[in-house]
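Novice: One file is attached below, my_file39.tsv, containing TSV, C-alpha atoms and all ligand atoms.
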chain	number	residue	atom	x	y	z
N	5	MET	CA	-66.65	-39.02	14.82
N	6	ASN	CA	-65.12	-36.42	12.51
N	7	ILE	CA	-66.81	-33.04	12.73
N	8	LEU	CA	-66.13	-30.30	10.20
N	9	VAL	CA	-66.44	-26.88	11.83
N	10	THR	CA	-66.66	-24.01	9.35
N	11	GLY	CA	-65.71	-20.68	10.92
N	12	GLY	CA	-64.06	-22.70	13.71
N	13	THR	CA	-61.50	-20.05	14.66
N	14	GLY	CA	-64.23	-17.44	15.22
N	15	PHE	CA	-65.82	-16.45	18.52
N	16	ILE	CA	-68.54	-19.12	18.85
N	17	GLY	CA	-66.74	-21.65	16.62
N	18	SER	CA	-63.58	-21.70	18.77
N	19	HIS	CA	-65.54	-22.28	21.97
N	20	THR	CA	-67.48	-25.05	20.23
N	21	CYS	CA	-64.24	-26.69	19.04
N	22	VAL	CA	-63.12	-26.82	22.71
N	23	GLU	CA	-66.35	-28.56	23.73
N	24	LEU	CA	-66.13	-30.97	20.79
N	25	LEU	CA	-62.53	-31.92	21.60
N	26	ASN	CA	-63.39	-32.28	25.30
N	27	ASN	CA	-66.14	-34.68	24.24
N	28	ASN	CA	-63.69	-36.73	22.13
N	29	TYR	CA	-64.87	-35.69	18.70
N	30	ASN	CA	-62.22	-35.19	16.02
N	31	VAL	CA	-62.33	-31.62	14.80
N	32	ILE	CA	-61.52	-30.36	11.33
N	33	ILE	CA	-61.71	-26.59	10.90
N	34	ILE	CA	-62.20	-24.57	7.72
N	35	ASP	CA	-61.73	-20.82	8.14
N	36	ASN	CA	-60.38	-18.12	5.84
N	37	LEU	CA	-59.35	-16.03	8.90
N	38	SER	CA	-61.29	-13.02	7.57
N	39	ASN	CA	-62.53	-12.33	11.12
N	40	SER	CA	-60.28	-14.45	13.34
N	41	SER	CA	-56.62	-15.27	13.83
N	42	ILE	CA	-54.46	-18.33	13.51
N	43	GLU	CA	-53.35	-18.04	17.18
N	44	VAL	CA	-56.78	-19.32	18.19
N	45	LEU	CA	-55.62	-22.81	17.17
N	46	GLU	CA	-52.79	-22.83	19.74
N	47	LYS	CA	-55.20	-21.58	22.36
N	48	ILE	CA	-57.66	-24.37	21.62
N	49	GLU	CA	-54.77	-26.81	21.94
N	50	LYS	CA	-53.61	-25.22	25.21
N	51	ILE	CA	-57.08	-25.65	26.73
N	52	THR	CA	-57.83	-29.15	25.46
N	53	SER	CA	-54.34	-30.63	24.90
N	54	LYS	CA	-55.67	-31.69	21.51
N	55	LYS	CA	-55.01	-30.27	18.11
N	56	PRO	CA	-57.79	-29.65	15.62
N	57	LYS	CA	-56.94	-30.14	11.95
N	58	PHE	CA	-56.99	-26.75	10.21
N	59	TYR	CA	-57.49	-25.63	6.61
N	60	LYS	CA	-57.17	-21.95	5.76
N	61	ILE	CA	-59.51	-21.80	2.81
N	62	ASP	CA	-62.50	-19.85	1.68
N	63	LEU	CA	-65.70	-21.83	1.94
N	64	CYS	CA	-66.82	-20.36	-1.38
N	65	ASP	CA	-63.96	-22.27	-3.10
N	66	LYS	CA	-65.76	-25.45	-4.11
N	67	GLU	CA	-62.72	-27.38	-5.40
N	68	LYS	CA	-60.84	-26.88	-2.13
N	69	VAL	CA	-63.87	-27.67	0.00
N	70	LYS	CA	-64.35	-30.89	-1.93
N	71	GLU	CA	-60.70	-31.85	-1.43
N	72	ILE	CA	-61.18	-31.55	2.32
N	73	PHE	CA	-64.24	-33.80	2.26
N	74	ASN	CA	-62.27	-36.31	0.16
N	75	GLU	CA	-59.26	-36.20	2.49
N	76	ASN	CA	-61.32	-36.61	5.66
N	77	LYS	CA	-64.36	-38.75	6.24
N	78	ILE	CA	-66.67	-36.05	7.59
N	79	ASP	CA	-69.58	-37.36	9.66
N	80	ALA	CA	-71.26	-34.02	10.43
N	81	VAL	CA	-70.79	-30.33	9.76
N	82	ILE	CA	-71.31	-27.41	12.13
N	83	HIS	CA	-71.56	-24.35	9.92
N	84	PHE	CA	-70.57	-21.07	11.61
N	85	ALA	CA	-68.69	-19.36	8.76
N	86	GLY	CA	-70.20	-16.09	7.62
N	87	TYR	CA	-70.17	-12.36	8.15
N	88	LYS	CA	-72.22	-11.10	11.09
N	89	ALA	CA	-72.07	-7.31	11.46
N	90	VAL	CA	-75.60	-5.95	11.07
N	91	GLY	CA	-74.52	-2.33	10.38
N	92	GLU	CA	-72.00	-3.37	7.73
N	93	SER	CA	-74.63	-5.54	6.07
N	94	VAL	CA	-76.83	-2.46	5.67
N	95	SER	CA	-74.04	-0.42	4.08
N	96	ASN	CA	-72.62	-3.30	2.01
N	97	PRO	CA	-75.41	-5.83	1.43
N	98	LEU	CA	-73.76	-7.50	-1.58
N	99	LYS	CA	-70.78	-8.49	0.52
N	100	TYR	CA	-73.16	-10.27	2.91
N	101	TYR	CA	-75.33	-11.94	0.28
N	102	ARG	CA	-72.25	-13.10	-1.66
N	103	ASN	CA	-70.33	-14.51	1.28
N	104	ASN	CA	-73.07	-15.91	3.50
N	105	LEU	CA	-75.11	-17.46	0.70
N	106	ASP	CA	-72.28	-18.56	-1.59
N	107	SER	CA	-70.34	-20.26	1.21
N	108	THR	CA	-73.45	-22.11	2.38
N	109	LEU	CA	-74.50	-23.18	-1.13
N	110	THR	CA	-70.98	-24.42	-1.84
N	111	LEU	CA	-70.94	-26.39	1.39
N	112	LEU	CA	-74.37	-27.89	0.69
N	113	GLU	CA	-73.43	-28.90	-2.87
N	114	VAL	CA	-70.29	-30.65	-1.69
N	115	MET	CA	-72.13	-32.37	1.17
N	116	LYS	CA	-74.65	-33.69	-1.35
N	117	GLU	CA	-71.92	-34.88	-3.72
N	118	VAL	CA	-70.07	-36.81	-1.01
N	119	ASN	CA	-73.19	-38.05	0.82
N	120	CYS	CA	-72.60	-36.20	4.06
N	121	HIS	CA	-76.04	-35.85	5.64
N	122	ASN	CA	-75.67	-34.09	9.00
N	123	LEU	CA	-75.66	-30.32	9.32
N	124	ILE	CA	-75.99	-27.91	12.23
N	125	PHE	CA	-76.50	-24.33	11.15
N	126	SER	CA	-75.91	-21.07	13.08
N	127	SER	CA	-79.00	-18.97	12.71
N	128	SER	CA	-80.04	-16.05	14.86
N	129	ALA	CA	-82.93	-14.60	16.84
N	130	THR	CA	-82.82	-11.83	14.25
N	131	VAL	CA	-85.04	-14.04	12.03
N	132	TYR	CA	-87.97	-13.29	14.37
N	133	GLY	CA	-87.91	-9.61	13.28
N	134	THR	CA	-90.08	-7.61	15.69
N	135	PRO	CA	-91.83	-10.30	17.73
N	136	LYS	CA	-95.49	-9.70	18.57
N	137	GLU	CA	-95.20	-11.56	21.88
N	138	LEU	CA	-92.58	-12.64	24.38
N	139	PRO	CA	-90.96	-15.02	25.10
N	140	ILE	CA	-90.16	-16.04	21.54
N	141	LYS	CA	-91.07	-19.56	20.46
N	142	GLU	CA	-89.63	-21.37	17.45
N	143	ASP	CA	-92.94	-21.35	15.55
N	144	PHE	CA	-93.34	-17.55	15.65
N	145	PRO	CA	-93.60	-15.77	12.27
N	146	LEU	CA	-90.27	-14.93	10.65
N	147	SER	CA	-89.14	-11.66	9.10
N	148	THR	CA	-85.99	-9.58	9.02
N	149	THR	CA	-84.97	-5.95	9.34
N	150	ASN	CA	-81.48	-5.96	7.75
N	151	PRO	CA	-79.50	-7.81	5.03
N	152	TYR	CA	-77.54	-9.88	7.58
N	153	GLY	CA	-80.79	-11.21	9.02
N	154	THR	CA	-82.11	-11.80	5.52
N	155	THR	CA	-79.11	-14.02	4.70
N	156	LYS	CA	-79.95	-16.13	7.77
N	157	LEU	CA	-83.61	-16.38	6.81
N	158	MET	CA	-82.78	-17.18	3.17
N	159	ILE	CA	-80.46	-19.95	4.30
N	160	GLU	CA	-83.14	-21.32	6.64
N	161	ARG	CA	-85.53	-21.47	3.65
N	162	ILE	CA	-82.93	-23.15	1.44
N	163	LEU	CA	-82.34	-25.74	4.16
N	164	LYS	CA	-86.07	-26.35	4.51
N	165	ASP	CA	-86.32	-27.03	0.75
N	166	ILE	CA	-83.37	-29.40	0.92
N	167	SER	CA	-84.96	-31.28	3.81
N	168	ILE	CA	-88.07	-31.79	1.67
N	169	SER	CA	-86.12	-33.06	-1.33
N	170	ASP	CA	-83.62	-35.26	0.55
N	171	LYS	CA	-85.07	-37.78	2.99
N	172	GLU	CA	-81.63	-38.78	4.29
N	173	ILE	CA	-80.68	-35.31	5.46
N	174	SER	CA	-80.51	-34.21	9.11
N	175	ILE	CA	-80.54	-30.46	9.64
N	176	ILE	CA	-80.63	-28.71	13.00
N	177	ILE	CA	-81.04	-24.95	12.93
N	178	LEU	CA	-79.93	-23.17	16.09
N	179	ARG	CA	-81.22	-19.65	16.60
N	180	TYR	CA	-78.83	-17.91	18.97
N	181	PHE	CA	-79.90	-15.05	21.17
N	182	ASN	CA	-77.05	-12.77	22.41
N	183	PRO	CA	-73.81	-14.65	23.06
N	184	ILE	CA	-71.31	-12.91	25.36
N	185	GLY	CA	-68.69	-14.05	27.87
N	186	SER	CA	-65.58	-16.05	27.08
N	187	HIS	CA	-63.74	-19.19	28.07
N	188	LYS	CA	-62.72	-19.19	31.78
N	189	SER	CA	-59.04	-19.51	30.82
N	190	GLY	CA	-59.18	-16.06	29.24
N	191	LEU	CA	-57.59	-17.59	26.12
N	192	LEU	CA	-60.64	-17.42	23.85
N	193	GLY	CA	-63.11	-14.58	23.55
N	194	GLU	CA	-64.40	-11.75	21.43
N	195	ASN	CA	-62.50	-8.59	20.55
N	196	PRO	CA	-63.95	-7.06	17.40
N	197	SER	CA	-61.81	-4.66	15.40
N	198	GLY	CA	-63.00	-1.05	15.13
N	199	ILE	CA	-65.80	0.45	17.19
N	200	PRO	CA	-67.93	-2.44	18.43
N	201	ASN	CA	-71.54	-2.79	17.29
N	202	ASN	CA	-72.68	-4.95	20.17
N	203	LEU	CA	-73.24	-3.93	23.76
N	204	MET	CA	-70.79	-6.13	25.69
N	205	PRO	CA	-67.72	-5.48	23.50
N	206	TYR	CA	-68.56	-1.77	23.79
N	207	ILE	CA	-68.87	-1.90	27.60
N	208	VAL	CA	-65.53	-3.68	27.78
N	209	ARG	CA	-63.85	-0.92	25.74
N	210	VAL	CA	-65.30	1.68	28.09
N	211	ALA	CA	-64.01	-0.33	31.06
N	212	THR	CA	-60.50	-0.33	29.56
N	213	LYS	CA	-60.87	3.40	28.81
N	214	GLU	CA	-60.41	2.88	25.07
N	215	LEU	CA	-63.83	4.52	24.68
N	216	PRO	CA	-64.96	7.35	26.98
N	217	PHE	CA	-68.56	6.33	27.65
N	218	LEU	CA	-71.36	4.07	26.55
N	219	ASN	CA	-74.26	5.37	24.48
N	220	VAL	CA	-77.51	3.91	25.77
N	221	PHE	CA	-79.93	4.08	22.86
N	222	GLY	CA	-83.25	5.09	24.45
N	223	ASN	CA	-84.60	4.86	28.00
N	224	ASP	CA	-88.26	5.18	27.08
N	225	TYR	CA	-88.97	1.62	25.96
N	226	ASP	CA	-91.73	-0.34	27.60
N	227	THR	CA	-89.32	-2.33	29.81
N	228	HIS	CA	-88.64	-2.34	33.58
N	229	ASP	CA	-86.11	0.53	33.40
N	230	GLY	CA	-86.89	1.90	29.91
N	231	THR	CA	-83.74	0.48	28.24
N	232	GLY	CA	-83.71	-2.37	25.71
N	233	VAL	CA	-83.93	-5.93	27.03
N	234	ARG	CA	-82.07	-8.89	25.50
N	235	ASP	CA	-81.44	-12.54	26.27
N	236	TYR	CA	-77.68	-12.83	26.91
N	237	ILE	CA	-76.22	-16.32	26.84
N	238	HIS	CA	-72.69	-17.33	27.88
N	239	VAL	CA	-70.73	-18.47	24.83
N	240	VAL	CA	-69.61	-21.63	26.67
N	241	ASP	CA	-73.26	-22.56	27.25
N	242	LEU	CA	-73.95	-21.84	23.60
N	243	ALA	CA	-71.03	-24.07	22.57
N	244	LYS	CA	-72.42	-26.87	24.76
N	245	GLY	CA	-75.77	-26.47	22.98
N	246	HIS	CA	-74.00	-27.57	19.78
N	247	ILE	CA	-72.90	-30.83	21.39
N	248	LYS	CA	-76.52	-31.49	22.36
N	249	ALA	CA	-77.64	-30.68	18.81
N	250	LEU	CA	-74.97	-32.98	17.38
N	251	GLU	CA	-76.09	-35.82	19.64
N	252	LYS	CA	-79.65	-35.34	18.42
N	253	SER	CA	-78.67	-35.08	14.77
N	254	ILE	CA	-77.07	-38.53	14.74
N	255	ASN	CA	-80.38	-40.38	15.00
N	256	PHE	CA	-82.57	-37.78	13.36
N	257	LYS	CA	-83.74	-37.16	9.82
N	258	GLY	CA	-85.48	-33.99	8.68
N	259	ILE	CA	-85.16	-30.41	9.89
N	260	GLU	CA	-85.59	-28.95	13.38
N	261	TYR	CA	-85.26	-25.47	14.87
N	262	TYR	CA	-84.14	-24.55	18.40
N	263	ASN	CA	-83.75	-21.30	20.28
N	264	LEU	CA	-80.52	-21.14	22.25
N	265	GLY	CA	-81.04	-18.54	24.96
N	266	THR	CA	-81.51	-18.49	28.72
N	267	GLY	CA	-85.12	-17.33	28.68
N	268	THR	CA	-84.28	-14.36	30.90
N	269	GLY	CA	-84.07	-10.82	29.60
N	270	TYR	CA	-81.68	-8.21	30.99
N	271	SER	CA	-81.79	-4.52	30.16
N	272	VAL	CA	-78.83	-2.42	29.04
N	273	LEU	CA	-78.66	-0.86	32.50
N	274	ASP	CA	-78.89	-4.28	34.22
N	275	LEU	CA	-75.86	-5.34	32.22
N	276	VAL	CA	-73.96	-2.12	32.96
N	277	LYS	CA	-74.66	-2.35	36.71
N	278	THR	CA	-73.73	-6.02	36.92
N	279	PHE	CA	-70.54	-5.39	34.95
N	280	GLU	CA	-69.58	-2.56	37.31
N	281	LYS	CA	-70.29	-4.66	40.40
N	282	VAL	CA	-68.49	-7.87	39.47
N	283	ASN	CA	-65.49	-6.17	37.88
N	284	ASN	CA	-65.23	-3.24	40.27
N	285	VAL	CA	-65.07	-0.65	37.47
N	286	LYS	CA	-67.13	2.35	36.50
N	287	ILE	CA	-68.95	2.44	33.14
N	288	PRO	CA	-69.94	6.03	32.38
N	289	TYR	CA	-72.93	6.20	30.06
N	290	LYS	CA	-75.14	8.72	28.26
N	291	ILE	CA	-78.76	8.24	27.30
N	292	VAL	CA	-79.16	9.09	23.62
N	293	ASN	CA	-81.98	8.68	21.07
N	294	ARG	CA	-83.31	5.27	20.18
N	295	ARG	CA	-81.45	3.55	17.34
N	296	PRO	CA	-83.58	2.91	14.22
N	297	GLY	CA	-84.51	-0.75	13.93
N	298	ASP	CA	-83.95	-1.60	17.62
N	299	ILE	CA	-86.77	-3.38	19.40
N	300	ALA	CA	-87.77	-2.96	23.08
N	301	ALA	CA	-87.28	-6.52	24.21
N	302	CYS	CA	-86.24	-9.89	22.84
N	303	PHE	CA	-85.87	-13.08	24.84
N	304	ALA	CA	-86.28	-16.76	24.12
N	305	ASP	CA	-88.62	-19.43	25.25
N	306	PRO	CA	-85.91	-22.08	25.74
N	307	THR	CA	-88.37	-24.91	26.53
N	308	LYS	CA	-88.06	-26.77	23.22
N	309	ALA	CA	-84.26	-27.00	23.43
N	310	TYR	CA	-84.59	-28.20	27.02
N	311	LYS	CA	-87.22	-30.84	26.28
N	312	GLU	CA	-85.81	-32.17	23.01
N	313	LEU	CA	-82.06	-31.58	23.33
N	314	GLY	CA	-81.68	-31.58	27.11
N	315	PHE	CA	-80.06	-28.15	26.83
N	316	LYS	CA	-80.20	-25.61	29.61
N	317	ALA	CA	-77.89	-22.61	29.97
N	318	GLU	CA	-75.99	-22.75	33.26
N	319	TYR	CA	-74.02	-19.53	33.50
N	320	GLY	CA	-75.62	-16.39	34.86
N	321	ILE	CA	-75.20	-12.76	33.92
N	322	GLU	CA	-72.44	-12.23	36.54
N	323	ASP	CA	-70.25	-14.93	34.96
N	324	MET	CA	-70.89	-13.43	31.53
N	325	CYS	CA	-69.74	-9.98	32.71
N	326	LYS	CA	-66.71	-11.36	34.58
N	327	ASP	CA	-65.54	-13.60	31.75
N	328	SER	CA	-65.97	-10.97	29.02
N	329	TYR	CA	-63.71	-8.58	30.95
N	330	ASN	CA	-61.24	-11.26	31.99
N	331	TYR	CA	-60.56	-12.10	28.34
N	332	ILE	CA	-59.77	-8.50	27.46
N	333	LEU	CA	-57.57	-7.97	30.53
N	334	LYS	CA	-55.60	-11.16	29.88
N	335	ASN	CA	-55.12	-10.33	26.22
N	336	LYS	CA	-54.11	-6.72	26.83
N	337	SER	CA	-51.35	-7.62	29.26
N	338	ASN	CA	-49.95	-10.45	27.08
S	401	LIG	N1	-72.03	-13.54	17.72
S	401	LIG	C1	-73.33	-13.33	17.65
S	401	LIG	O1	-73.87	-12.43	18.32
S	401	LIG	C2	-74.21	-14.21	16.79
S	401	LIG	C3	-75.60	-14.23	17.01
S	401	LIG	C4	-76.40	-15.04	16.20
S	401	LIG	C5	-75.82	-15.79	15.17
S	401	LIG	N2	-74.48	-15.73	14.97
S	401	LIG	C6	-73.90	-16.52	13.86
S	401	LIG	O2	-73.00	-17.47	14.40
S	401	LIG	C7	-71.92	-17.70	13.49
S	401	LIG	C8	-70.61	-17.50	14.23
S	401	LIG	O3	-70.59	-16.19	14.80
S	401	LIG	P1	-69.31	-15.62	15.54
S	401	LIG	O4	-69.79	-14.60	16.50
S	401	LIG	O5	-68.45	-16.74	16.02
S	401	LIG	O6	-68.62	-14.88	14.32
S	401	LIG	P2	-67.05	-14.76	13.94
S	401	LIG	O7	-66.94	-13.69	12.92
S	401	LIG	O8	-66.25	-14.64	15.18
S	401	LIG	O9	-66.78	-16.20	13.29
S	401	LIG	C9	-67.09	-16.48	11.94
S	401	LIG	C10	-65.86	-17.11	11.30
S	401	LIG	O10	-66.16	-17.42	9.93
S	401	LIG	C11	-65.01	-17.12	9.15
S	401	LIG	N3	-65.48	-16.91	7.77
S	401	LIG	C12	-66.32	-15.95	7.30
S	401	LIG	N4	-66.55	-16.12	5.99
S	401	LIG	C13	-65.84	-17.23	5.60
S	401	LIG	C14	-65.66	-17.93	4.37
S	401	LIG	N5	-66.24	-17.52	3.22
S	401	LIG	N6	-64.85	-19.02	4.35
S	401	LIG	C15	-64.24	-19.45	5.48
S	401	LIG	N7	-64.37	-18.83	6.68
S	401	LIG	C16	-65.17	-17.74	6.74
S	401	LIG	C17	-64.39	-15.90	9.82
S	401	LIG	O11	-63.01	-15.75	9.54
S	401	LIG	C18	-64.64	-16.18	11.30
S	401	LIG	O12	-63.55	-16.86	11.90
S	401	LIG	C19	-72.12	-16.71	12.34
S	401	LIG	O13	-72.75	-17.39	11.28
S	401	LIG	C20	-73.05	-15.67	12.93
S	401	LIG	O14	-73.83	-15.04	11.95
S	401	LIG	C21	-73.66	-14.98	15.76
Give the structure from this file in structure tokens form.
Specialist:
Amino acid sequence: MNILVTGGTGFIGSHTCVELLNNNYNVIIIDNLSNSSIEVLEKIEKITSKKPKFYKIDLCDKEKVKEIFNENKIDAVIHFAGYKAVGESVSNPLKYYRNNLDSTLTLLEVMKEVNCHNLIFSSSATVYGTPKELPIKEDFPLSTTNPYGTTKLMIERILKDISISDKEISIIILRYFNPIGSHKSGLLGENPSGIPNNLMPYIVRVATKELPFLNVFGNDYDTHDGTGVRDYIHVVDLAKGHIKALEKSINFKGIEYYNLGTGTGYSVLDLVKTFEKVNNVKIPYKIVNRRPGDIAACFADPTKAYKELGFKAEYGIEDMCKDSYNYILKNKSN
């Protein structure tokens, strides 16, 4: 089967390409390299001994996207491409609405024109806004607190409307919790440019002494140690979740939603302590004020993905901490 992976050189996309190739799917990547590099392709090939087909194009360019669908018989699309920095989306919302919506609409129009019916979409736990209860189930009310999240929710609504109008379509929406970690080889991983927004990339920079200490935003939340709790999931587990979703999508029509998380919440200090222990480093930190918009705790009920997709995350928090650091160490010394 030929699988088009948009955003396939990015953090989650590259790990998913590895799993797809290891499972004997043919992989065709579209990425404009706005947040990834071309070297990722060699690394995917090094790990899998297989070469994905690559097109450096912008997904908003309809003519080019259509050419790719005409050149390759695409059986299913996994759509990762988009911008993802919450803070930047608040300061530059138009950039997020333009790119995330336009790229998705372009892709959907072309898929309709060429009769490609299978789509897996990267959504996010951010669409649950501030959940009233935990753990979070797929049928909880949806709302958002920033433009990035709103793009995800808008796309979910667009996809719902399409599923009503088109009885042939198969859409699986995956709502990711907090992906961290990296491929065991240390070849693929996450290394955002600038000061990282997310906790693990920040901890890693403190570990390598590029940043002096970690700011812990609030220790007075209603959690076991007062710091914010999240559901961290190893990116390799997350990538494997896409294979399960793809297998389901082949004999499925309509739209379905799945949480991809572990179901276990860890606090900021749990993560810091585990990182220190498994990597034998010190992470100095300071407790500072809560960050506006942050919630106390967020973790998934992963039961639906387990029952209907057969998906269960296998890696624990220690692997996530080890692998995140391993990637940075390997890529610093290269
Ligand atoms: N990483 C997370 O914490 C997280 C959590 C929930 C959801 N998601 C979603 O998962 C998807 C993948 O996330 P990621 O962490 O791998 O991000 P990433 O930035 O590493 O990967 C996204 C890729 O899309 C490409 N891209 C962006 N706009 C494009 C366009 N118009 N045309 C072609 N390529 C384009 C980028 O160059 C990049 O390689 C995103 O949609 C993101 O919103 C990520």
Novice: As a quick test: using all atoms listed in the file, which residues lie no more than 6 Å away from ligand LIG 401 (chain S)? Give them as a ChimeraX atom specification.
Specialist: /N:11,13-17,34-40,61-64,84-88,103,107,126-128,180,182-183
Novice: Would you mind listing what lies within 12 Å of range 89-91 of chain N as number ranges by chain, with only C-alpha atoms counted and same-chain residues fewer than 6 positions away left out?
Specialist: N: 39, 97, 99-100, 104, 128, 130, 148-156, 196-202, 295-298
Novice: Kindly indicate which residue among N:Ala129, N:Val114, N:Val81, N:Leu8 lies nearest to Cys302 in chain N, using only C-alpha atoms for the distances.
Specialist: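 Result for the nearest residue to Cys302 in chain N: N:Ala129.
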Novice: Would you give the centre and edge lengths, in Å to one decimal, of a box along x, y and z around the listed atoms of range 36-54 of chain N, with 3 Å added to each side, as lines of an AutoDock Vina configuration file?
Specialist:
center_x = -57.7
center_y = -22.0
center_z = 16.3
size_x = 15.7
size_y = 25.4
size_z = 26.9
Novice: To one decimal in Å, tell me the separation between CA of Ile299 in chain N and CA of Thr134 in chain N.
Specialist: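 If I compute the distance from CA of Ile299 in chain N to CA of Thr134 in chain N, I get 6.5 Å.
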Novice: In Å to one decimal, how far is CA of Met324 in chain N from CA of Ile247 in chain N?
Specialist: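 Between these atoms lies a distance of 20.2 Å.
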Novice: Extract, using only C-alpha atoms, all DNA, RNA and protein residues at most 12 Å from Lys188 in chain N, discarding same-chain residues fewer than 4 positions from it, and format them as a PDB file with C-alpha atoms, in the frame of the given file.
Specialist:
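Saved to selection_19.pdb:
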ATOM      1  CA  HIS N  19     -65.540 -22.280  21.970  1.00  0.00           C
ATOM      2  CA  VAL N  22     -63.120 -26.820  22.710  1.00  0.00           C
ATOM      3  CA  ILE N  51     -57.080 -25.650  26.730  1.00  0.00           C
ATOM      4  CA  LEU N 192     -60.640 -17.420  23.850  1.00  0.00           C
ATOM      5  CA  GLY N 193     -63.110 -14.580  23.550  1.00  0.00           C
ATOM      6  CA  HIS N 238     -72.690 -17.330  27.880  1.00  0.00           C
ATOM      7  CA  VAL N 239     -70.730 -18.470  24.830  1.00  0.00           C
ATOM      8  CA  VAL N 240     -69.610 -21.630  26.670  1.00  0.00           C
ATOM      9  CA  ASP N 241     -73.260 -22.560  27.250  1.00  0.00           C
ATOM     10  CA  TYR N 319     -74.020 -19.530  33.500  1.00  0.00           C
ATOM     11  CA  ASP N 323     -70.250 -14.930  34.960  1.00  0.00           C
ATOM     12  CA  MET N 324     -70.890 -13.430  31.530  1.00  0.00           C
ATOM     13  CA  CYS N 325     -69.740  -9.980  32.710  1.00  0.00           C
ATOM     14  CA  LYS N 326     -66.710 -11.360  34.580  1.00  0.00           C
ATOM     15  CA  ASP N 327     -65.540 -13.600  31.750  1.00  0.00           C
ATOM     16  CA  SER N 328     -65.970 -10.970  29.020  1.00  0.00           C
ATOM     17  CA  TYR N 329     -63.710  -8.580  30.950  1.00  0.00           C
ATOM     18  CA  ASN N 330     -61.240 -11.260  31.990  1.00  0.00           C
ATOM     19  CA  TYR N 331     -60.560 -12.100  28.340  1.00  0.00           C
ATOM     20  CA  ILE N 332     -59.770  -8.500  27.460  1.00  0.00           C
ATOM     21  CA  LYS N 334     -55.600 -11.160  29.880  1.00  0.00           C
TER      22      LYS N 334
END
Novice: Tell me, as a PyMOL selection string, which residues lie within 10 Å of Ala80 in chain N, counting all atoms listed in the file; anything in the same chain fewer than 4 positions away does not count.
Specialist: chain N and resi 5-9+115+120-124+174-175+250+253-254
Novice: Grab the CA of Leu203 in chain N to CA of Val272 in chain N distance for me, in Å with one decimal place.
Specialist: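 We find that CA of Leu203 in chain N and CA of Val272 in chain N lie 7.8 Å from each other.
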Novice: Given the choices N:His83, N:Arg234, N:Lys257, N:Lys60, which gets closest to Phe181 in chain N if the distance is worked out from all atoms listed in the file?
Specialist: N:Arg234
Novice: Which residue is closest to Ala300 in chain N? Choose from N:Ile32, N:Leu333, N:Leu138, N:Ile237 and count only C-alpha atoms.
Specialist: N:Leu138
Novice: Pick the closest to Asp79 in chain N from N:Lys66, N:Val94, N:Asn119, N:Gly267: which is it, counting only C-alpha atoms?
Specialist: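 Comparing N:Lys66, N:Val94, N:Asn119, N:Gly267 against Asp79 in chain N, the winner is N:Asn119.
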Novice: Out of N:Ile173, N:Leu157, N:Leu163, N:Leu98, which residue has the shortest atom-to-atom distance to Gly258 in chain N when counting only C-alpha atoms?
Specialist: N:Ile173
